[in-house]
Amino acid sequence: MARAPRVDGLAGDRHPHGLKRAQGEVAGQGMQGRTLLVIDDNDAVRTALDVLLTLEGARVECVATAREGLERVARGGIDLVIQDMNFQREATSGDEGIALFRALRAAQPELPVVLLTAWTHLETAVELVKAGAADYLAKPWDNARLVTTVRNLLELRAALTAERDRLARVDRSHAELAAKFDLRGIVYRSAAMHAVVQMAIQVARADVPVLITGPNGVGKEVLAEIIQANSAQRSGPFVRVNAGALPSELLESELFGAESGAFTGARTREGRFEAADGGTLFLDEIGNLSLAGQAKLLRVLQTGEFERLGSSQTRRVRVRVVSATNTPLAEAIRQGRFREDLYYRLNVIELAVPPLAERREDVLPLARHFLEPGYAFGPEAERALLRHDWPGNVRELRNCIRRACLLAASQLIEAHDLVLPSGGNGFGGDATELARDPDRGEIEAALARHEGVVARAARDLGLSRQSLYRRMEKLGIDAGPTDGR
């Protein structure tokens, strides 16, 4: 156990009572109208924090005991708590502060709590940060660092609240849509996907071709099913053709049918257009269709007429065509591989499905949907799922979860069960340690950039707070300023 080193404060204009504001700070920014609760048994500490944070625009309430603090939080309206870790003279264990912190977390799990103490156990800091503490600061504190920490936490809480409200609105709208229309069990939480589904519902009753674009594995076929299920053709057949999976010499016969002898081994049979008569034909990977096939498809779209291969008899069908592609058709047109007139015929309505990397709100709902009954994700597994970029989109995610359920040692799936590559884009979690091991210089530079605020330095380095605390302990780096003071 060692007493925390003194932090001398940053240069700047002094507040009353000897407190300072860092140069460039603007009073009230990020704190205006917020209610902060200080829980500390020391009168001088309560007064100093009251003055400092009031000058920054916050409403500050102070209590001297853990019991009073819990009672005040229970009444509601507190945006952030700054709590001491010891409430008795000469106490240094921090046990009272740990008990208070856990009680606050139990009462309001999302309330930001900053721990403040003159006695610092780094192991205690790591454990409490793991348990959800917003940050851990030493007494005597640096005014600018404390103000920056509080402001950042308030802004983060406001952003998280706004995001929860936005997701709640999407969930409500999704539920309302599902109550009125057949959504074929599609799973999503993102506003981007909700807009695509709403558009699919809107165009379903219009008897016009629809082109669904997006990379492989994003769920284009599910959208085609939604269009069919809510269209005037919903009682008719829904016929799928994957143009990308068929050789070009067989694709025309697959679409339009063939007569016996039309080519070697050909037998008389109807094509997919005839099979889809009165319903919907879903043409996946339409960009792979040959130019000859494109010409015949254009004619069917224009007139509803076609001939089987090897036949001169004209046949007529009434089919709603929904097509999909992961190919940039505009580029294919420039290269002469796709007919421009067919493109405009197919593209009366375009539904562009974003990749999973652009709608991360959908990752965990989809992953949970793919879980086998009785299985669940551990916290590190969820962070690893969010961190991965999913170049294979929903298809890759589904296969990953199915594999994990088969190979996991228990029904609680951990990060290593997912067998995902390390790194990614830095969305939090200890799995990043496999790819990121910053040295002393990187850590000290990050702490200096963020005025010693460990949470922000950790995000900068692509680490969780507990990971950074462990590295600081290993390297003997103090959580205070890194300029040697």
# chains A, B, ... in the order shown; residues from 1 in each chain; ligands from 1
$ select_by_dssp --residues "stretch 200-366 of chain A" --states "strand (DSSP E or B)" --output "PyMOL selection string"
chain A and resi 210-213+238-242+258+269+280-284+305-307+309+314-316+320-325+349-352
$ select_by_dssp --residues "stretch 289-485 of chain A" --states "helix (DSSP H, G or I)" --output "PyMOL selection string"
chain A and resi 291-303+329-334+340-346+356-358+360-370+379-387+393-407+415-418+430-434+440-449+454-461+465-475
$ residues_around --residues "stretch 173-182 of chain A" --least-positions-apart "6" --cutoff "7 Å" --atoms "only C-alpha atoms" --output "list in words"
Ile226, Ala229 and Asn230 of chain A
$ atom_distance --atom1 "atom CA of A:Gly374" --atom2 "atom CA of A:Arg169"
29.1 Å
$ closest_residue --among "A:His194, A:Arg316, A:Arg72, A:Arg308" --to "A:Pro354" --atoms "only C-alpha atoms"
A:His194
$ closest_residue --among "A:Ser311, A:Thr149, A:Asn242, A:Thr303" --to "A:Gly261" --atoms "only C-alpha atoms"
A:Ser311
$ closest_residue --among "A:Leu342, A:Ala292, A:Ala48, A:Ile401" --to "A:Asn143" --atoms "only C-alpha atoms"
A:Ala48
$ closest_atom_pairs --of "stretch 315-426 of chain A" --to "stretch 297-302 of chain A" --cutoff "12 Å" --atoms "only C-alpha atoms" --output "Markdown table"
| residue | atom | partner | partner_atom | distance |
| --- | --- | --- | --- | --- |
| A:Arg315 | CA | A:Val300 | CA | 9.8 |
| A:Arg316 | CA | A:Val300 | CA | 8.4 |
| A:Val317 | CA | A:Val300 | CA | 8.3 |
| A:Arg318 | CA | A:Val300 | CA | 9.2 |
| A:Val319 | CA | A:Leu301 | CA | 8.5 |
| A:Arg320 | CA | A:Leu301 | CA | 8.8 |
| A:Val321 | CA | A:Leu301 | CA | 7.9 |
| A:Val322 | CA | A:Leu301 | CA | 11.0 |
| A:Ser323 | CA | A:Leu297 | CA | 11.4 |
| A:Phe338 | CA | A:Leu298 | CA | 11.5 |
| A:Arg339 | CA | A:Leu298 | CA | 9.1 |
| A:Glu340 | CA | A:Leu298 | CA | 10.5 |
| A:Asp341 | CA | A:Leu298 | CA | 7.9 |
| A:Leu342 | CA | A:Leu298 | CA | 5.6 |
| A:Tyr343 | CA | A:Leu298 | CA | 9.1 |
| A:Tyr344 | CA | A:Leu298 | CA | 10.1 |
| A:Arg345 | CA | A:Leu298 | CA | 7.4 |
| A:Leu346 | CA | A:Leu301 | CA | 8.3 |
| A:Asn347 | CA | A:Leu301 | CA | 11.7 |
| A:Val348 | CA | A:Leu301 | CA | 11.7 |
$ atom_distance --atom1 "atom CA of A:Leu463" --atom2 "atom CA of A:Pro438"
9.4 Å
